[in-house]
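J.: Contents of input-v1.json (JSON, C-alpha atoms and all ligand atoms):
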[["chain", "number", "residue", "atom", "x", "y", "z"],
["A", 510, "MET", "CA", -34.72, -72.78, 38.28],
["A", 511, "LYS", "CA", -32.59, -71.45, 41.14],
["A", 512, "PRO", "CA", -31.10, -67.97, 40.67],
["A", 513, "PHE", "CA", -27.48, -69.18, 40.45],
["A", 514, "LYS", "CA", -28.47, -71.80, 37.88],
["A", 515, "LEU", "CA", -30.21, -69.14, 35.87],
["A", 516, "LEU", "CA", -27.10, -67.02, 36.05],
["A", 517, "LEU", "CA", -24.99, -69.95, 34.87],
["A", 518, "VAL", "CA", -27.28, -70.59, 31.90],
["A", 519, "PHE", "CA", -27.15, -66.90, 31.13],
["A", 520, "LEU", "CA", -23.35, -66.82, 31.23],
["A", 521, "ILE", "CA", -23.00, -69.93, 29.09],
["A", 522, "SER", "CA", -25.33, -68.54, 26.45],
["A", 523, "ILE", "CA", -23.50, -65.18, 26.47],
["A", 524, "SER", "CA", -20.14, -66.88, 26.00],
["A", 525, "SER", "CA", -21.43, -69.04, 23.14],
["A", 526, "ILE", "CA", -22.81, -65.93, 21.42],
["A", 527, "ILE", "CA", -19.38, -64.30, 21.75],
["A", 528, "CYS", "CA", -17.71, -67.41, 20.30],
["A", 529, "ILE", "CA", -20.10, -67.46, 17.35],
["A", 530, "SER", "CA", -19.56, -63.80, 16.60],
["A", 531, "GLN", "CA", -15.80, -64.31, 16.74],
["A", 532, "THR", "CA", -15.71, -67.27, 14.39],
["A", 533, "SER", "CA", -18.10, -65.62, 11.95],
["A", 534, "LYS", "CA", -15.83, -62.58, 11.71],
["A", 535, "SER", "CA", -13.88, -63.90, 8.78],
["A", 536, "ARG", "CA", -10.95, -61.95, 7.39],
["A", 537, "ILE", "CA", -11.62, -63.31, 3.91],
["A", 538, "GLU", "CA", -14.53, -62.32, 1.71],
["A", 539, "ILE", "CA", -15.25, -64.41, -1.35],
["A", 540, "THR", "CA", -16.88, -62.48, -4.19],
["A", 541, "GLN", "CA", -18.82, -63.90, -7.12],
["A", 542, "ALA", "CA", -17.16, -63.53, -10.49],
["A", 543, "SER", "CA", -18.85, -61.10, -12.88],
["A", 544, "VAL", "CA", -18.93, -60.37, -16.61],
["A", 545, "GLY", "CA", -17.43, -56.93, -16.00],
["A", 546, "GLN", "CA", -14.48, -58.26, -14.01],
["A", 547, "GLU", "CA", -13.72, -60.97, -16.54],
["A", 548, "ALA", "CA", -14.00, -58.56, -19.47],
["A", 549, "THR", "CA", -11.54, -56.31, -17.60],
["A", 550, "SER", "CA", -9.14, -59.23, -17.00],
["A", 551, "ILE", "CA", -9.20, -60.08, -20.71],
["A", 552, "TRP", "CA", -8.86, -56.45, -21.82],
["A", 553, "ARG", "CA", -5.82, -55.87, -19.57],
["A", 554, "THR", "CA", -4.17, -59.09, -20.66],
["A", 555, "ILE", "CA", -4.57, -58.25, -24.36],
["A", 556, "ASN", "CA", -3.45, -54.67, -23.73],
["A", 557, "ASP", "CA", -0.11, -55.85, -22.28],
["A", 558, "ILE", "CA", 0.24, -58.99, -24.38],
["A", 559, "ALA", "CA", 3.59, -58.03, -25.94],
["A", 560, "PHE", "CA", 5.13, -57.50, -22.49],
["A", 561, "PHE", "CA", 3.71, -60.78, -21.13],
["A", 562, "GLU", "CA", 5.02, -62.73, -24.12],
["A", 563, "LYS", "CA", 8.44, -61.12, -23.82],
["A", 564, "GLN", "CA", 8.57, -62.09, -20.12],
["A", 565, "GLY", "CA", 7.64, -65.65, -21.05],
["A", 566, "TYR", "CA", 4.48, -65.77, -18.92],
["A", 567, "ALA", "CA", 1.83, -68.42, -19.51],
["A", 568, "ILE", "CA", -1.13, -66.42, -20.81],
["A", 569, "HIS", "CA", -4.73, -67.53, -20.25],
["A", 570, "LEU", "CA", -7.33, -66.14, -22.65],
["A", 571, "PRO", "CA", -10.50, -67.58, -24.22],
["A", 572, "LYS", "CA", -9.89, -69.36, -27.51],
["A", 573, "ASP", "CA", -11.86, -67.40, -30.06],
["A", 574, "SER", "CA", -11.23, -65.59, -33.34],
["A", 575, "LEU", "CA", -12.32, -62.28, -31.79],
["A", 576, "ILE", "CA", -9.60, -62.60, -29.14],
["A", 577, "ASP", "CA", -7.02, -63.53, -31.79],
["A", 578, "SER", "CA", -7.86, -60.48, -33.86],
["A", 579, "LEU", "CA", -7.63, -58.20, -30.79],
["A", 580, "ILE", "CA", -4.19, -59.62, -29.96],
["A", 581, "VAL", "CA", -3.06, -58.67, -33.46],
["A", 582, "LYS", "CA", -4.48, -55.15, -32.93],
["A", 583, "SER", "CA", -2.66, -54.84, -29.60],
["A", 584, "LYS", "CA", 0.66, -55.80, -31.16],
["A", 585, "LYS", "CA", 0.12, -53.16, -33.83],
["A", 586, "GLY", "CA", -0.51, -50.59, -31.10],
["A", 587, "VAL", "CA", -4.10, -49.89, -32.14],
["A", 588, "PHE", "CA", -5.93, -51.67, -29.29],
["A", 589, "GLY", "CA", -7.66, -49.52, -26.67],
["A", 590, "ASN", "CA", -10.69, -48.60, -24.57],
["A", 591, "GLU", "CA", -12.95, -48.73, -27.61],
["A", 592, "ASP", "CA", -12.38, -52.51, -27.74],
["A", 593, "PHE", "CA", -13.82, -53.06, -24.26],
["A", 594, "PRO", "CA", -17.54, -53.18, -25.20],
["A", 595, "GLY", "CA", -16.87, -55.90, -27.77],
["A", 596, "ILE", "CA", -15.03, -57.98, -25.18],
["A", 597, "TYR", "CA", -17.84, -57.44, -22.67],
["A", 598, "THR", "CA", -20.50, -58.66, -25.11],
["A", 599, "PHE", "CA", -18.34, -61.65, -26.06],
["A", 600, "VAL", "CA", -17.82, -62.65, -22.39],
["A", 601, "GLU", "CA", -21.50, -62.22, -21.60],
["A", 602, "SER", "CA", -22.84, -64.13, -24.58],
["A", 603, "LYS", "CA", -20.19, -66.79, -25.18],
["A", 604, "VAL", "CA", -18.03, -67.68, -22.20],
["A", 605, "PHE", "CA", -19.27, -66.48, -18.83],
["A", 606, "ASN", "CA", -20.79, -69.09, -16.54],
["A", 607, "GLN", "CA", -20.92, -68.82, -12.76],
["A", 608, "ASN", "CA", -20.47, -72.60, -12.50],
["A", 609, "ASN", "CA", -16.93, -72.27, -13.88],
["A", 610, "TYR", "CA", -15.82, -70.82, -10.53],
["A", 611, "LYS", "CA", -17.62, -73.25, -8.26],
["A", 612, "GLN", "CA", -14.75, -75.63, -7.61],
["A", 613, "ALA", "CA", -12.25, -72.85, -6.96],
["A", 614, "ILE", "CA", -14.61, -71.18, -4.48],
["A", 615, "GLU", "CA", -15.25, -74.48, -2.66],
["A", 616, "LYS", "CA", -11.51, -75.04, -2.31],
["A", 617, "VAL", "CA", -10.98, -71.58, -0.85],
["A", 618, "GLU", "CA", -13.96, -72.01, 1.48],
["A", 619, "SER", "CA", -12.47, -75.19, 2.88],
["A", 620, "GLN", "CA", -9.39, -73.20, 3.94],
["A", 621, "ILE", "CA", -11.09, -70.18, 5.47],
["A", 622, "ASP", "CA", -10.40, -71.20, 9.09],
["A", 623, "LEU", "CA", -6.74, -71.83, 8.35],
["A", 624, "MET", "CA", -6.34, -68.46, 6.60],
["A", 625, "ASN", "CA", -8.15, -66.60, 9.39],
["A", 626, "ASN", "CA", -5.75, -68.15, 11.89],
["A", 627, "LEU", "CA", -2.69, -67.14, 9.86],
["A", 628, "ILE", "CA", -3.93, -63.57, 9.34],
["A", 629, "ASN", "CA", -4.74, -63.24, 13.04],
["A", 630, "GLU", "CA", -1.28, -64.54, 13.86],
["A", 631, "ILE", "CA", 0.34, -61.79, 11.77],
["A", 632, "ASP", "CA", -2.05, -59.30, 13.36],
["A", 633, "SER", "CA", -1.03, -60.29, 16.89],
["A", 634, "LYS", "CA", 2.70, -60.01, 16.16],
["A", 635, "LYS", "CA", 2.99, -57.05, 13.77],
["A", 636, "ASP", "CA", 2.90, -54.29, 16.39],
["A", 637, "GLN", "CA", 6.25, -55.44, 17.76],
["A", 638, "TRP", "CA", 8.00, -55.12, 14.38],
["A", 639, "ASP", "CA", 10.18, -52.18, 13.28],
["A", 640, "TRP", "CA", 8.02, -51.73, 10.17],
["A", 641, "LYS", "CA", 4.32, -51.42, 9.50],
["A", 642, "PHE", "CA", 2.58, -54.46, 8.06],
["A", 643, "LYS", "CA", -0.44, -52.93, 6.32],
["A", 644, "MET", "CA", -3.45, -54.98, 7.24],
["A", 645, "PHE", "CA", -7.10, -54.97, 6.21],
["A", 646, "ASP", "CA", -10.01, -56.11, 8.36],
["A", 647, "LYS", "CA", -11.21, -58.05, 5.36],
["A", 648, "TYR", "CA", -9.48, -59.19, 2.19],
["A", 649, "LYS", "CA", -11.73, -59.40, -0.84],
["A", 650, "LEU", "CA", -11.07, -62.30, -3.19],
["A", 651, "ILE", "CA", -11.80, -61.99, -6.90],
["A", 652, "PHE", "CA", -11.62, -65.07, -9.12],
["A", 653, "THR", "CA", -10.60, -64.89, -12.75],
["A", 654, "LEU", "CA", -10.02, -67.46, -15.47],
["A", 655, "TYR", "CA", -7.88, -65.07, -17.51],
["A", 656, "GLY", "CA", -4.52, -63.39, -17.35],
["A", 657, "THR", "CA", -1.07, -64.46, -16.24],
["A", 658, "GLY", "CA", -1.33, -64.90, -12.47],
["A", 659, "GLY", "CA", -2.52, -63.46, -9.24],
["A", 660, "SER", "CA", -2.42, -59.84, -8.26],
["A", 661, "TYR", "CA", -3.13, -57.60, -5.31],
["A", 662, "SER", "CA", -4.21, -54.07, -4.54],
["A", 663, "PRO", "CA", -2.41, -52.58, -1.51],
["A", 664, "ASP", "CA", -4.93, -49.73, -1.42],
["A", 665, "GLU", "CA", -8.11, -51.75, -1.49],
["A", 666, "GLY", "CA", -7.05, -55.03, 0.08],
["A", 667, "THR", "CA", -8.30, -57.01, -2.90],
["A", 668, "ILE", "CA", -6.65, -60.16, -4.21],
["A", 669, "THR", "CA", -7.25, -61.53, -7.70],
["A", 670, "LEU", "CA", -6.70, -65.26, -8.09],
["A", 671, "LEU", "CA", -6.15, -66.98, -11.39],
["A", 672, "THR", "CA", -8.03, -70.26, -11.42],
["A", 673, "ASN", "CA", -9.55, -72.70, -13.90],
["A", 674, "GLU", "CA", -12.80, -74.62, -14.24],
["A", 675, "GLU", "CA", -11.33, -77.57, -12.34],
["A", 676, "GLY", "CA", -10.54, -75.36, -9.34],
["A", 677, "GLY", "CA", -6.82, -75.39, -10.07],
["A", 678, "PHE", "CA", -4.59, -72.55, -8.90],
["A", 679, "MET", "CA", -1.15, -71.37, -9.89],
["A", 680, "ASN", "CA", 1.95, -72.81, -8.22],
["A", 681, "TYR", "CA", 0.13, -74.54, -5.38],
["A", 682, "GLU", "CA", -2.54, -77.18, -4.89],
["A", 683, "GLU", "CA", -3.96, -75.32, -1.89],
["A", 684, "PRO", "CA", -5.05, -71.71, -2.52],
["A", 685, "ALA", "CA", -4.18, -70.60, 1.05],
["A", 686, "ASN", "CA", -0.51, -70.51, -0.04],
["A", 687, "THR", "CA", -1.15, -67.97, -2.79],
["A", 688, "ILE", "CA", -3.63, -65.93, -0.74],
["A", 689, "ILE", "CA", -1.21, -65.54, 2.19],
["A", 690, "HIS", "CA", 1.53, -64.66, -0.32],
["A", 691, "GLU", "CA", -0.64, -61.84, -1.75],
["A", 692, "ILE", "CA", -1.66, -60.65, 1.75],
["A", 693, "THR", "CA", 2.06, -60.38, 2.54],
["A", 694, "HIS", "CA", 2.62, -58.34, -0.65],
["A", 695, "ILE", "CA", -0.11, -55.93, 0.51],
["A", 696, "GLY", "CA", 1.43, -55.82, 3.98],
["A", 697, "MET", "CA", 4.91, -54.76, 2.89],
["A", 698, "GLU", "CA", 4.21, -52.87, -0.36],
["A", 699, "TYR", "CA", 4.55, -49.33, 1.02],
["A", 700, "SER", "CA", 6.51, -49.74, 4.26],
["A", 701, "ILE", "CA", 9.28, -51.94, 2.82],
["A", 702, "VAL", "CA", 9.13, -52.41, -0.96],
["A", 703, "GLN", "CA", 8.37, -48.86, -2.08],
["A", 704, "LYS", "CA", 10.17, -47.22, 0.84],
["A", 705, "HIS", "CA", 13.44, -48.95, -0.06],
["A", 706, "LYS", "CA", 12.70, -49.00, -3.83],
["A", 707, "LEU", "CA", 13.20, -52.74, -4.05],
["A", 708, "SER", "CA", 13.46, -54.57, -7.37],
["A", 709, "HIS", "CA", 10.81, -57.08, -8.42],
["A", 710, "ALA", "CA", 13.23, -59.93, -7.74],
["A", 711, "LEU", "CA", 14.01, -58.75, -4.22],
["A", 712, "LYS", "CA", 10.36, -58.10, -3.46],
["A", 713, "GLU", "CA", 9.37, -61.66, -4.40],
["A", 714, "ARG", "CA", 12.23, -63.12, -2.38],
["A", 715, "LEU", "CA", 11.21, -61.13, 0.70],
["A", 716, "VAL", "CA", 7.55, -62.11, 0.46],
["A", 717, "ASP", "CA", 8.44, -65.77, 0.05],
["A", 718, "THR", "CA", 10.91, -65.67, 2.93],
["A", 719, "PHE", "CA", 8.33, -64.00, 5.17],
["A", 720, "VAL", "CA", 5.64, -66.60, 4.47],
["A", 721, "TYR", "CA", 8.07, -69.49, 4.76],
["A", 722, "LEU", "CA", 9.59, -68.38, 8.08],
["A", 723, "MET", "CA", 6.23, -67.46, 9.61],
["A", 724, "PHE", "CA", 4.19, -70.44, 8.47],
["A", 725, "LYS", "CA", 6.35, -73.37, 7.46],
["A", 726, "GLU", "CA", 4.33, -75.64, 9.76],
["A", 727, "GLU", "CA", 0.87, -74.36, 8.85],
["A", 728, "LEU", "CA", 1.62, -74.19, 5.10],
["A", 729, "PRO", "CA", 3.86, -77.24, 4.49],
["A", 730, "GLU", "CA", 3.42, -76.94, 0.72],
["A", 731, "TYR", "CA", 4.88, -73.42, 0.67],
["A", 732, "THR", "CA", 8.28, -73.08, -0.95],
["A", 733, "ILE", "CA", 10.51, -70.15, -1.78],
["A", 734, "GLN", "CA", 10.28, -69.76, -5.56],
["A", 735, "ASN", "CA", 13.35, -70.40, -7.60],
["A", 736, "MET", "CA", 13.48, -66.81, -8.62],
["A", 737, "GLY", "CA", 14.22, -63.60, -6.92],
["A", 738, "ASN", "CA", 17.29, -62.15, -5.32],
["A", 739, "THR", "CA", 19.04, -64.69, -3.09],
["A", 740, "LYS", "CA", 21.62, -62.24, -1.70],
["A", 741, "ILE", "CA", 19.13, -61.26, 0.99],
["A", 742, "ASP", "CA", 18.92, -64.82, 2.34],
["A", 743, "LYS", "CA", 21.87, -64.56, 4.71],
["A", 744, "TYR", "CA", 20.22, -61.57, 6.43],
["A", 745, "ILE", "CA", 16.87, -63.20, 7.12],
["A", 746, "LYS", "CA", 17.14, -66.67, 8.54],
["A", 747, "LYS", "CA", 14.83, -66.87, 11.53],
["A", 748, "GLU", "CA", 11.29, -65.81, 12.26],
["A", 749, "LYS", "CA", 12.55, -63.15, 14.66],
["A", 750, "ASP", "CA", 14.42, -61.43, 11.79],
["A", 751, "ILE", "CA", 11.03, -60.46, 10.36],
["A", 752, "GLY", "CA", 10.63, -58.14, 13.33],
["A", 753, "SER", "CA", 13.62, -56.06, 12.29],
["A", 754, "LEU", "CA", 13.05, -56.15, 8.54],
["A", 755, "ASN", "CA", 13.32, -52.39, 8.14],
["A", 756, "GLY", "CA", 16.71, -52.34, 9.89],
["A", 757, "ILE", "CA", 17.85, -55.33, 7.87],
["A", 758, "MET", "CA", 16.91, -53.63, 4.59],
["A", 759, "LEU", "CA", 18.88, -50.51, 5.55],
["A", 760, "GLU", "CA", 21.91, -52.64, 6.34],
["A", 761, "PHE", "CA", 21.53, -54.76, 3.19],
["A", 762, "LEU", "CA", 21.09, -51.81, 0.83],
["A", 763, "ASN", "CA", 24.07, -49.99, 2.32],
["A", 764, "GLU", "CA", 26.42, -52.85, 1.64],
["A", 801, "ZN", "ZN", 4.49, -62.40, -5.51]]
Could you write out this file's structure as structure tokens?
T.:
Amino acid sequence: MKPFKLLLVFLISISSIICISQTSKSRIEITQASVGQEATSIWRTINDIAFFEKQGYAIHLPKDSLIDSLIVKSKKGVFGNEDFPGIYTFVESKVFNQNNYKQAIEKVESQIDLMNNLINEIDSKKDQWDWKFKMFDKYKLIFTLYGTGGSYSPDEGTITLLTNEEGGFMNYEEPANTIIHEITHIGMEYSIVQKHKLSHALKERLVDTFVYLMFKEELPEYTIQNMGNTKIDKYIKKEKDIGSLNGIMLEFLNE
């Protein structure tokens, strides 16, 4: 092989290695469900059951007489940490099966490239905004069959997704919609929501508006929920308004 040909082969192989390492650097990490996590989901749901019922949430719990009796205890105010071991043993011996999460995980896996692209898009734009979008190198996904919906941790970058054995998710057919919604919650939790002491309704409206304006082409199924505070709508109409969200909130809250 002539030297320049060798060099060419060398360069091509280097560039393909770089490409591989870039595509394998996923921003999403799927974790296996565990007995401990599911016992925790169930415990928390039972602990706050009166609140969830009052709010009218759809509540997902295993159907079993043990669970029914713990719900009664919770409503009487006598449910607590000491009930956790019983729930753990019940989950381990009666309900937990890794196969129950298989379809949900496959669905999320099929959307990894799309989600990486959307996260990287936020990442490439966020430095020009007048507020800090808190971003994690990796978002950890936890799947649960129990509770009332998804949740997020702005300190750990974890997202809990409510699913079912058929791989169904809340609100949307495609889980990327919910995952990007939760990533947006994490992004604005401290720098916008807590800073300006926003209500739950306003927070949800802002997150939905953000995702919709940023990704209406990439996430065609995404819609702004029929809840939340609509008064903010006239302030945020175009994608470029996201860049001055902090200024907009100051103006809005001063009105
Ligand atoms: Zn939300």
J.: Any residue with an atom at most 7 Å from ligand ZN 801 (chain A) counts, using all atoms listed in the file. Which are they? Put them as a ChimeraX atom specification.
T.: /A:690-691,694,713,716
J.: Separation of CA of Leu650 (chain A) and CA of Glu538 (chain A), in Å?
T.: 6.0 Å
J.: For a quick check of understanding, using all atoms listed in the file, which of A:Asn556, A:Asn590, A:Asn755, A:Ser543 has the smallest distance to Val702 (chain A)?
T.: A:Asn755
J.: So what do you get for CA of Ser633 (chain A) versus CA of Ile668 (chain A), distance-wise?
T.: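 We find that CA of Ser633 (chain A) and CA of Ile668 (chain A) lie 21.8 Å from each other.
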J.: May I have the residues at most 10 Å from (-12.0, -64.5, 6.4) in the file's coordinates, counting all atoms listed in the file, as a ChimeraX atom specification?
T.: /A:532-539,618,620-626,628-629,646-650
J.: For the interface of region 624-723 of chain A with region 557-575 of chain A (cut-off 6 Å, counting all atoms listed in the file), please tabulate each contacting residue of region 624-723 of chain A alongside its nearest pair of atoms and their separation in Å to one decimal, rows sorted by chain and increasing number, as CSV.
T.:
residue,atom,partner,partner_atom,distance
A:Tyr655,CA,A:His569,CA,4.8
A:Gly656,CA,A:His569,CA,5.1
A:Thr657,CA,A:Ile568,CA,5.0
J.: So what do you get for CA of Ser662 (chain A) versus CA of Lys704 (chain A), distance-wise?
T.: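 Those two atoms sit 16.8 Å apart.
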J.: Any chance you could tabulate, as CSV, the residues of region 672-736 of chain A at most 12 Å from region 751-754 of chain A with each one's nearest atom pair and distance in Å to one decimal, using all atoms listed in the file, in chain and rising number order?
T.:
residue,atom,partner,partner_atom,distance
A:Thr693,CA,A:Ile751,CA,11.9
A:Met697,CA,A:Leu754,CA,10.0
A:Ser700,CA,A:Leu754,CA,10.1
A:Ile701,CA,A:Leu754,CA,8.0
A:Val702,CA,A:Leu754,CA,10.9
A:His705,CA,A:Leu754,CA,11.2
A:Leu715,CA,A:Leu754,CA,9.5
A:Val716,CA,A:Ile751,CA,10.6
A:Asp717,CA,A:Ile751,CA,11.9
A:Thr718,CA,A:Ile751,CA,9.1
A:Phe719,CA,A:Ile751,CA,6.8
A:Val720,CA,A:Ile751,CA,10.1
A:Tyr721,CA,A:Ile751,CA,11.0
A:Leu722,CA,A:Ile751,CA,8.4
A:Met723,CA,A:Ile751,CA,8.5
J.: Would you kindly return, as a list in words, each protein, DNA or RNA residue with an atom no farther than 7 Å from any atom of region 734-739 of chain A, considering all atoms listed in the file and excluding same-chain residues fewer than 2 positions away?
T.: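 What passes the distance filter is Ala710, Leu711, Glu713, Arg714, Thr732, Ile741 and Asp742 of chain A.
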J.: Ranking A:Gly696, A:Lys603, A:Ile631, A:Asn680 by minimum distance to Lys643 (chain A) and counting all atoms listed in the file, which one comes first?
T.: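 Of A:Gly696, A:Lys603, A:Ile631, A:Asn680, the one nearest Lys643 (chain A) is A:Gly696, counting all atoms listed in the file.
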J.: With a distance cut-off of 10 Å and all atoms listed in the file, select the neighbouring residues of Thr549 (chain A), excluding the residue or stretch itself and same-chain residues fewer than 2 positions from it, and output the selection as a list in words.
T.: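 In the requested format, the answer is Ser543, Val544, Gly545, Gln546, Glu547, Ile551, Trp552, Arg553, Thr554, Ile555, Phe593, Ile596, Tyr597, Thr653, Tyr655 and Gly656 of chain A.
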J.: For each of A:Glu674, A:Asp664, A:Glu591, A:Glu748, take the minimum atom-to-atom distance to Tyr610 (chain A), counting all atoms listed in the file, then give the residue where this is smallest.
T.: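 Going through A:Glu674, A:Asp664, A:Glu591, A:Glu748 one by one, the smallest distance to Tyr610 (chain A) is for A:Glu674.
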J.: Please determine, counting all atoms listed in the file, which residue among A:His709, A:Ile614, A:Glu601, A:Val581 has the shortest atom-to-atom distance to Thr672 (chain A).
T.: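 When distances to Thr672 (chain A) are compared using all atoms listed in the file, the smallest one comes from A:Ile614.
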J.: For Lys611 (chain A), which residue among A:Ala685, A:Leu654, A:Leu728, A:Met758 is the nearest when counting only C-alpha atoms?
T.: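 Distance minimum relative to Lys611 (chain A) lands on A:Leu654.
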J.: Pick out the closest residue to Lys747 (chain A) from this set: A:Gly677, A:Tyr731, A:Phe724, A:Asp592. Count all atoms listed in the file.
T.: A:Phe724
